Protein chains: 2
Amino acid sequence: MAESLKIIPLGGLGTIGKNMMAIQYEEDIVVIDAGVLFPGEDLPGVDLIIPDTTFLKDNRDKVRAILITHGHEDHIGAIPYILKDFNVPVYAPKLAKGLMELRIRPRKILKERTIESIEPENKIKIGKFIVHWFRVCHSIPDAMGIVIETPLGNVVHTGDFKIDHTPADSNPTDLGVLSKLAEQGVLLLLSDSTYAEVPGYTPSEKIVGETLEKVIGESYGRVIVATFASLIARIQQILDAAVKYKRKVSFVGKSMKDNVKLGLKEGYLEAPNGLIVSTEEIKHVAPREVVIVTTGSQGEPTSALTRIAKNEHKELTIIEGDTVVISATPIPGNETVVSKNINNLLKLGAKVLHDKIALVHVHGHASQEELKTVLNVTKPQYFVPIHGEYRHLKAHADIACSLGMEKKNTFVLEDGDVLTVDGNHAMISGRVKAGPVYVNGPQAWAIEEKLIEDRKSLAREGILFIVATIDSRASVILREPEIFSEGVIPTDMALLLDNEMGTVIKESLYRQIGSNLDNASLENIIRDEVSALLIHRTGRKPIITPVIIDLGGGNVNVW
Amino acid sequence: MAESLKIIPLGGLGTIGKNMMAIQYEEDIVVIDAGVLFPGEDLPGVDLIIPDTTFLKDNRDKVRAILITHGHEDHIGAIPYILKDFNVPVYAPKLAKGLMELRIRPRKILKERTIESIEPENKIKIGKFIVHWFRVCHSIPDAMGIVIETPLGNVVHTGDFKIDHTPADSNPTDLGVLSKLAEQGVLLLLSDSTYAEVPGYTPSEKIVGETLEKVIGESYGRVIVATFASLIARIQQILDAAVKYKRKVSFVGKSMKDNVKLGLKEGYLEAPNGLIVSTEEIKHVAPREVVIVTTGSQGEPTSALTRIAKNEHKELTIIEGDTVVISATPIPGNETVVSKNINNLLKLGAKVLHDKIALVHVHGHASQEELKTVLNVTKPQYFVPIHGEYRHLKAHADIACSLGMEKKNTFVLEDGDVLTVDGNHAMISGRVKAGPVYVNGPQAWAIEEKLIEDRKSLAREGILFIVATIDSRASVILREPEIFSEGVIPTDMALLLDNEMGTVIKESLYRQIGSNLDNASLENIIRDEVSALLIHRTGRKPIITPVIIDLGGGNVNVW
């Protein structure tokens with residue numbers, strides 16, 4: 001077989017978040033990003049979702065490095081888990097490096113792992129690849145795309161991006177690098193599809209800066225801004241407005257405080273001395289001179305803003321005249337909890353500005369015209385839309401075709417598909433294992449789909465556990481049957497139903513004890529009888545687990 | 001105390017859906033609407049949410065009638081439950097009557113209840129009230145607002161409405177009635193707040209009709225439209241376009257078929273002979289001549305569209321060239337499942353049009369300028385925004401103030417608040433019990449909040465039962481401890497962990513048996529030891545229920 005390049009998405013294609021992509025040329029594999037996804041109520045007891053790394057484990061000797069595009073959780077969050085299994089260098093923009101280290105530092109086992117920071121001018125040789133990064137705009141500073149020069153041609157991976165000509169951090173997307181690369185030829189473009197369904201251009205961060213400045217300038221009371229802790233450019237906009245209108249700024253929420261500290265240290269944030277004060281100090285500042293920046297813009301149940309909205313925050317109580325700005329858009333699934341916060345804050349007397357009624361947020365992804373720009377500038381031979389559900393990838397592929405690309409050169413892949421590119425053509429040549437790995441707790445304990453289904457049916461129906469102690473040889477019931485239930489019976493019916501169930505169980509026992517039935521059959525009879533009673537009385541079908549303790553059945557042992 | 005009018009929201013104020021409002025004048029109470037709300041994944045095992053009727057039960061002798069505004073589930077869905085408890089007449093527009101009867105017919109107990117249909121020209125005397133209805137536009141035909149003439153003045157309840165000058169059914173909102181009423185004076189306006197945060201005007205249904213006509217006219221293959229079964233005007237638009245472009249129409253999904261039958265019978269739908277054919281017949285029609293209308297626009301798991309998208313529908317399989325139109329907007333919480341359907345349909349080769357990329361849906365509620373129109377036309381003395389979360393009610397009250405109403409005359413109520421209006425002023429005078437009642441199964445079995453919390457923690461952590469059979473007097477363990485778990489341990493760890501737990505349990509028993517510990521303390525020790533093991537091995541804290549069956553502890557009885 002001729003030499004070939006393999007593109008293997010392991011996360012983030014056809015699914016949301018937990019982005020990860022493997023690029024293989026013969027004996028060398030590089031991995032781009034290692035993200036997590038935070039589950040919703042439909043995955044009870046799951047803390048995180050990470051990509052399946054079976055393919056990487058099966059090719060352990062070939063994995064050379066992990067390349068990071070930017071510091072968002074859906075691109076770096078799985079790093080602590082991946083580095084447990086792989087001792088390979090991680091290359092990342094400086095801020096992403098800092099954010100990863102915040103997460104990794106507490107983990108002893110990872111101490112020997114190294115993360116190296118890169119700048120756009122660095123070229124790194126990794127196996128047969130030469131890798132370099134280029135600046136893109138996104139909703140976090142220091143976001144980059146990646147160029148992988150391979151023996152077969154150049155691969156461009158945009159990372160998450162938009163083309164903002166007036167970004168808050170003055171680092172626009174570097175179309176120059178891409179133009180220059182296009183002169184040499186781009187074999188393959190991998191480009192962000194998150195907003196491929198949205199026509200036109202994504203508005204600039206500048207518009208949000210202007211709104212925030214106006215709010216901070218014109219409010220008579222305190223201004224409390226909730227935003228993403230990683231949205232450092234937004235935080236800088238807030239700091240700038242505070243300076244202009246002579247307000248002090250205090251930060252609330254652990255991740256917010258951590259990120260601000262890192263941002264200040266690494267130079268992503270600038271604040272004159274005395275501008276930032278503690279939550280204790282700011283209590284003594286006049287409301288007219290206060291800005292508070294907090295986490296909780298997604299309505300996370302334990303976040304600062306949610307506690308503030310419930311009037312349960314230790315340090316911060318809403319007072320008449322406060323203006324709360326929720327500088328974020330609820331991601332699907334979070335609308336209800338965000339709305340609850342808005343309702344509660346209004347009830348406490350705050351004025352609340354949010355994305356539905358004010359220009360207080362723009363997202364970080366390219367819309368259709370920006371996507372066209374990148375396609376036209378790079379003029380790739382092959383195109384793979386990345387980042388998004390199938391609908392977004394498909395919409396992005398359609399855009400490429402609308403610009404004249406042939407359909408046969410665009411590939412709407414899903415996680416696990418293997419795209420093989422050689423000198424003359426490209427094709428989907430196979431599949432590897434890929435999919436969500438549900439992770440739970442600090443041990444990163446993997447959870448199977450089956451267990452989640454069990455948990456959901458527990459939640460829907462509850463469970464009932466019955467212990468009947470008998471002596472089948474003597475044909476006697478030795479104890480009153482014991483019934484334990486969880487999630488089945490409401491307290492006001494419990495006593496009544498317990499009695500009825502007890503009667504039904506004893507009747508079953510009396511009828512069958514001494515017969516030839518084995519205890520397993522007796523358990524089934526009890527299950528059926530109790531089930532019939534419960535359906536009749538409550539309409540529900542809980543899981544019922546009867547246990548017969550038979551002390552005369554020949555199975556009494558003394559250990 | 002002077003004569004007074006009481007406005008008592010029992011559902012739909014500060015909460016979404018399950019609308020219900022009581023209006024009391026001395027010895028007479030009328031109830032407006034009786035809606036349900038469908039719960040999300042956060043309420044496992046709950047089928048429906050209905051309003052709390054404790055207040056109505058406490059005032060049973062005063063409840064004179066239930067007045068219905070229109071036939072949507074969030075306004076009529078609780079009727080079967082309410083009519084079990086109250087034998088009072090229900091007055092409703094004709095279509096709402098038909099839809100309620102579809103639901104009530106199978107229930108024997110309700111056979112003696114009567115629902116009377118009303119027309120806008122009817123005036124009905126109910127106790128000291130005179131009640132009449134007026135036409136409004138909404139996303140279901142035959143939607144109306146209600147005027148209640150009371151001894152203290154006129155109360156106007158808009159129901160759900162928008163002001164569409166070119167509605168699909170040619171019945172615009174009757175502003176004339178409201179103007180005339182304003183000449184006599186409007187004491188109190190209760191007006192729909194659902195879209196009070198949205199500036200401008202809600203687009204007309206006409207725009208959607210034009211898009212649908214274009215799609216049906218220009219598609220080369222079959223056109224499959226998913227929409228709400230109650231959106232009968234939309235269905236008529238589809239029928240009209242099908243006639244124009246010589247296509248046959250078939251309906252899929254039970255509620256869709258039921259509603260179309262009712263709509264045709266009652267004259268809300270018109271279709272020439274031969275236009276509508278069965279799903280069996282349409283299989284033999286050329287794709288170019290086929291329109292299929294289906295349920296499932298909200299991604300409901302068992303709906304026709306979801307089964308079609310999963311390629312699991314018995315009668316309908318997506319073929320290359322099909323165009324699927326999702327003529328609806330996902331309500332918050334349903335985005336993910338709707339998106340899954342879009343992804344799956346695209347993978348099967350269909351073209352998919354939805355509200356994010358085409359004008360295939362408009363909602364049925366007034367935006368800010370329309371709300372101003374109603375406020376300005378009615379010129380009420382007092383104003384209570386209805387239908388919506390607190391944020392929407394507040395936004396609507398702010399709109400009223402922006403038109404010159406005094407803040408003291410607008411009341412942002414929540415469910416259970418009692419607003420008392422007398423000749424001279426209005427005030428919130430108290431509270432009654434109001435809130436969600438969780439209903440489960442055909443028995444309408446009420447579920448307490450506590451039970452739902454239990455179920456959620458079951459789902460998060462799972463549960464473990466341990467049965468240890470001992471003879472404490474003889475200091476022996478009589479049987480190997482039995483362990484039953486549900487939702488705790490993944491299958492690949494089960495055997496291993498069962499063994500480890502067994503060992504831990506036996507060690508605890510050996511250490512304590514024969515000591516002075518009572519069995520309850522012994523159970524606690526086992527719980528702690530097993531819990532410690534599980535946290536160490538899995539990071540999880542399931543509910544642990546140990547049961548000691550002590551056959552030497554003096555509690556062996558023979559029944």
# chains A, B, ... in the order shown; residues from 1 in each chain; ligands from 1

call {"tool": "closest_atom_pairs", "arguments": {"of": "chain B", "to": "chain A", "cutoff": "6 Å", "atoms": "only C-alpha atoms", "output": "Markdown table"}}
result
| residue | atom | partner | partner_atom | distance |
| --- | --- | --- | --- | --- |
| B:Pro44 | CA | A:Arg460 | CA | 4.7 |
| B:Gly45 | CA | A:Arg460 | CA | 4.0 |
| B:Gly333 | CA | A:Gly333 | CA | 5.6 |
| B:Asn343 | CA | A:Arg391 | CA | 5.2 |
| B:Tyr390 | CA | A:Asn343 | CA | 5.3 |
| B:Arg391 | CA | A:Asn343 | CA | 5.2 |
| B:Gly441 | CA | A:Gly539 | CA | 5.4 |
| B:Leu451 | CA | A:Gly487 | CA | 5.5 |
| B:Asp454 | CA | A:Gly487 | CA | 5.3 |
| B:Arg455 | CA | A:Ala459 | CA | 4.4 |
| B:Lys456 | CA | A:Ala459 | CA | 5.8 |
| B:Ala459 | CA | A:Arg455 | CA | 4.4 |
| B:Arg460 | CA | A:Gly45 | CA | 4.0 |
| B:Ile477 | CA | A:Val558 | CA | 5.9 |
| B:Leu478 | CA | A:Val558 | CA | 5.0 |
| B:Arg479 | CA | A:Asn557 | CA | 5.7 |
| B:Gly487 | CA | A:Arg455 | CA | 4.8 |
| B:Gly539 | CA | A:Gly441 | CA | 5.3 |
| B:Val556 | CA | A:Leu478 | CA | 5.9 |
| B:Asn557 | CA | A:Leu478 | CA | 5.3 |
| B:Val558 | CA | A:Leu478 | CA | 4.9 |

call {"tool": "residues_around", "arguments": {"residues": "segment 264-281 of chain B", "least_positions_apart": "6", "cutoff": "6 Å", "atoms": "only C-alpha atoms", "output": "list of chain:residue names"}}
result
B:Gln236, B:Lys248, B:Val249, B:Ser250

call {"tool": "residues_around", "arguments": {"residues": "Glu116 of chain A", "least_positions_apart": "4", "cutoff": "7 Å", "atoms": "only C-alpha atoms", "output": "compact mmCIF listing (two decimals) with C-alpha atoms, in the first residue's frame"}}
result
# COMPACT_ATOMS: atom_id res chain seq x y z
CA VAL A 90 1.83 18.07 25.32
CA TYR A 91 2.32 21.25 23.30
CA ALA A 92 -0.07 24.10 23.98

call {"tool": "select_by_dssp", "arguments": {"residues": "segment 436-509 of chain A", "states": "alpha helix (DSSP H)", "output": "JSON, numbers by chain"}}
result
{"A": [449, 450, 451, 452, 453, 454, 455, 456, 457, 458, 459, 460, 461, 491, 492, 493, 494, 495, 496, 497, 498, 499, 500, 501, 502, 503, 504, 505, 506, 507, 508, 509]}

call {"tool": "atom_distance", "arguments": {"atom1": "atom CA of Phe55 of chain B", "atom2": "atom CA of Val31 of chain B"}}
result
11.3 Å

call {"tool": "residues_around", "arguments": {"residues": "Lys408 of chain B", "least_positions_apart": "2", "cutoff": "9 Å", "atoms": "only C-alpha atoms", "output": "short mmCIF file (atom, residue, chain, number, x, y, z; two decimals) with C-alpha atoms, in the first residue's frame"}}
result
data_model
loop_
_atom_site.label_atom_id
_atom_site.label_comp_id
_atom_site.auth_asym_id
_atom_site.auth_seq_id
_atom_site.Cartn_x
_atom_site.Cartn_y
_atom_site.Cartn_z
CA TYR B 382 -55.23 47.68 37.23
CA MET B 405 -49.39 53.14 34.11
CA GLU B 406 -48.45 53.72 37.71
CA THR B 410 -49.52 46.82 38.19
CA PHE B 411 -49.17 43.57 40.09
CA ALA B 426 -56.09 46.89 44.86
CA MET B 427 -53.59 45.03 47.00
#

call {"tool": "residues_around", "arguments": {"residues": "Tyr201 of chain B", "least_positions_apart": "4", "cutoff": "8 Å", "atoms": "only C-alpha atoms", "output": "NGL selection string"}}
result
:B and (366-370)

call {"tool": "residues_around", "arguments": {"residues": "segment 136-144 of chain B", "least_positions_apart": "5", "cutoff": "8 Å", "atoms": "only C-alpha atoms", "output": "PyMOL selection string"}}
result
chain B and resi 69-72+93-96+158-164+167+169+171-174+230-233+268+363-365

call {"tool": "write_last_selection", "arguments": {"atoms": "C-alpha atoms", "output": "PDB file, in the first residue's frame"}}
result
ATOM      1  CA  THR B  69     -59.776  30.077  26.505  1.00  0.00           C
ATOM      2  CA  HIS B  70     -58.453  27.580  23.939  1.00  0.00           C
ATOM      3  CA  GLY B  71     -57.604  23.949  23.326  1.00  0.00           C
ATOM      4  CA  HIS B  72     -53.880  23.720  24.110  1.00  0.00           C
ATOM      5  CA  PRO B  93     -64.788  27.384  22.427  1.00  0.00           C
ATOM      6  CA  LYS B  94     -66.001  24.590  20.147  1.00  0.00           C
ATOM      7  CA  LEU B  95     -62.582  23.192  19.174  1.00  0.00           C
ATOM      8  CA  ALA B  96     -61.363  23.166  22.780  1.00  0.00           C
ATOM      9  CA  THR B 158     -56.589  37.716  27.009  1.00  0.00           C
ATOM     10  CA  GLY B 159     -55.810  34.004  27.089  1.00  0.00           C
ATOM     11  CA  ASP B 160     -52.824  33.239  24.886  1.00  0.00           C
ATOM     12  CA  PHE B 161     -52.803  35.617  21.956  1.00  0.00           C
ATOM     13  CA  LYS B 162     -50.984  37.532  19.281  1.00  0.00           C
ATOM     14  CA  ILE B 163     -52.195  40.253  16.922  1.00  0.00           C
ATOM     15  CA  ASP B 164     -51.842  38.689  13.481  1.00  0.00           C
ATOM     16  CA  PRO B 167     -53.791  34.810  10.291  1.00  0.00           C
ATOM     17  CA  ASP B 169     -57.737  31.079   9.574  1.00  0.00           C
ATOM     18  CA  ASN B 171     -59.936  35.316  12.351  1.00  0.00           C
ATOM     19  CA  PRO B 172     -57.863  38.239  13.662  1.00  0.00           C
ATOM     20  CA  THR B 173     -57.805  39.280  17.307  1.00  0.00           C
ATOM     21  CA  ASP B 174     -60.990  41.247  17.976  1.00  0.00           C
ATOM     22  CA  SER B 230     -53.083  21.169  17.553  1.00  0.00           C
ATOM     23  CA  LEU B 231     -51.641  23.609  15.011  1.00  0.00           C
ATOM     24  CA  ILE B 232     -54.642  23.137  12.780  1.00  0.00           C
ATOM     25  CA  ALA B 233     -54.153  26.368  10.835  1.00  0.00           C
ATOM     26  CA  TYR B 268     -61.709  23.885  11.071  1.00  0.00           C
ATOM     27  CA  HIS B 363     -45.073  31.058  17.586  1.00  0.00           C
ATOM     28  CA  GLY B 364     -48.468  32.164  18.839  1.00  0.00           C
ATOM     29  CA  HIS B 365     -47.711  34.895  21.382  1.00  0.00           C
TER      30      HIS B 365
END

call {"tool": "residues_around", "arguments": {"residues": "Lys254 of chain B", "least_positions_apart": "3", "cutoff": "12 Å", "atoms": "only C-alpha atoms", "output": "VMD selection string"}}
result
chain B and resid 102 228 to 229 251 257 to 261 293 to 296 302 to 304

call {"tool": "write_last_selection", "arguments": {"atoms": "C-alpha atoms", "output": "compact mmCIF listing (two decimals), in the first residue's frame"}}
result
# COMPACT_ATOMS: atom_id res chain seq x y z
CA LEU B 102 -61.36 13.28 23.10
CA PHE B 228 -47.98 20.19 16.53
CA ALA B 229 -51.18 18.19 16.16
CA PHE B 251 -51.25 11.84 8.31
CA LYS B 257 -54.99 11.71 13.05
CA ASP B 258 -57.44 12.40 15.92
CA ASN B 259 -57.12 16.15 15.58
CA VAL B 260 -57.41 16.14 11.80
CA LYS B 261 -60.58 14.04 12.06
CA VAL B 293 -47.84 15.35 8.02
CA THR B 294 -46.57 13.85 11.24
CA THR B 295 -46.26 14.37 14.98
CA GLY B 296 -42.88 14.51 16.70
CA THR B 302 -42.05 7.65 21.05
CA SER B 303 -43.39 10.03 18.39
CA ALA B 304 -43.66 9.17 14.71

call {"tool": "atom_distance", "arguments": {"atom1": "atom CA of Thr378 of chain B", "atom2": "atom CA of Val186 of chain B"}}
result
6.3 Å
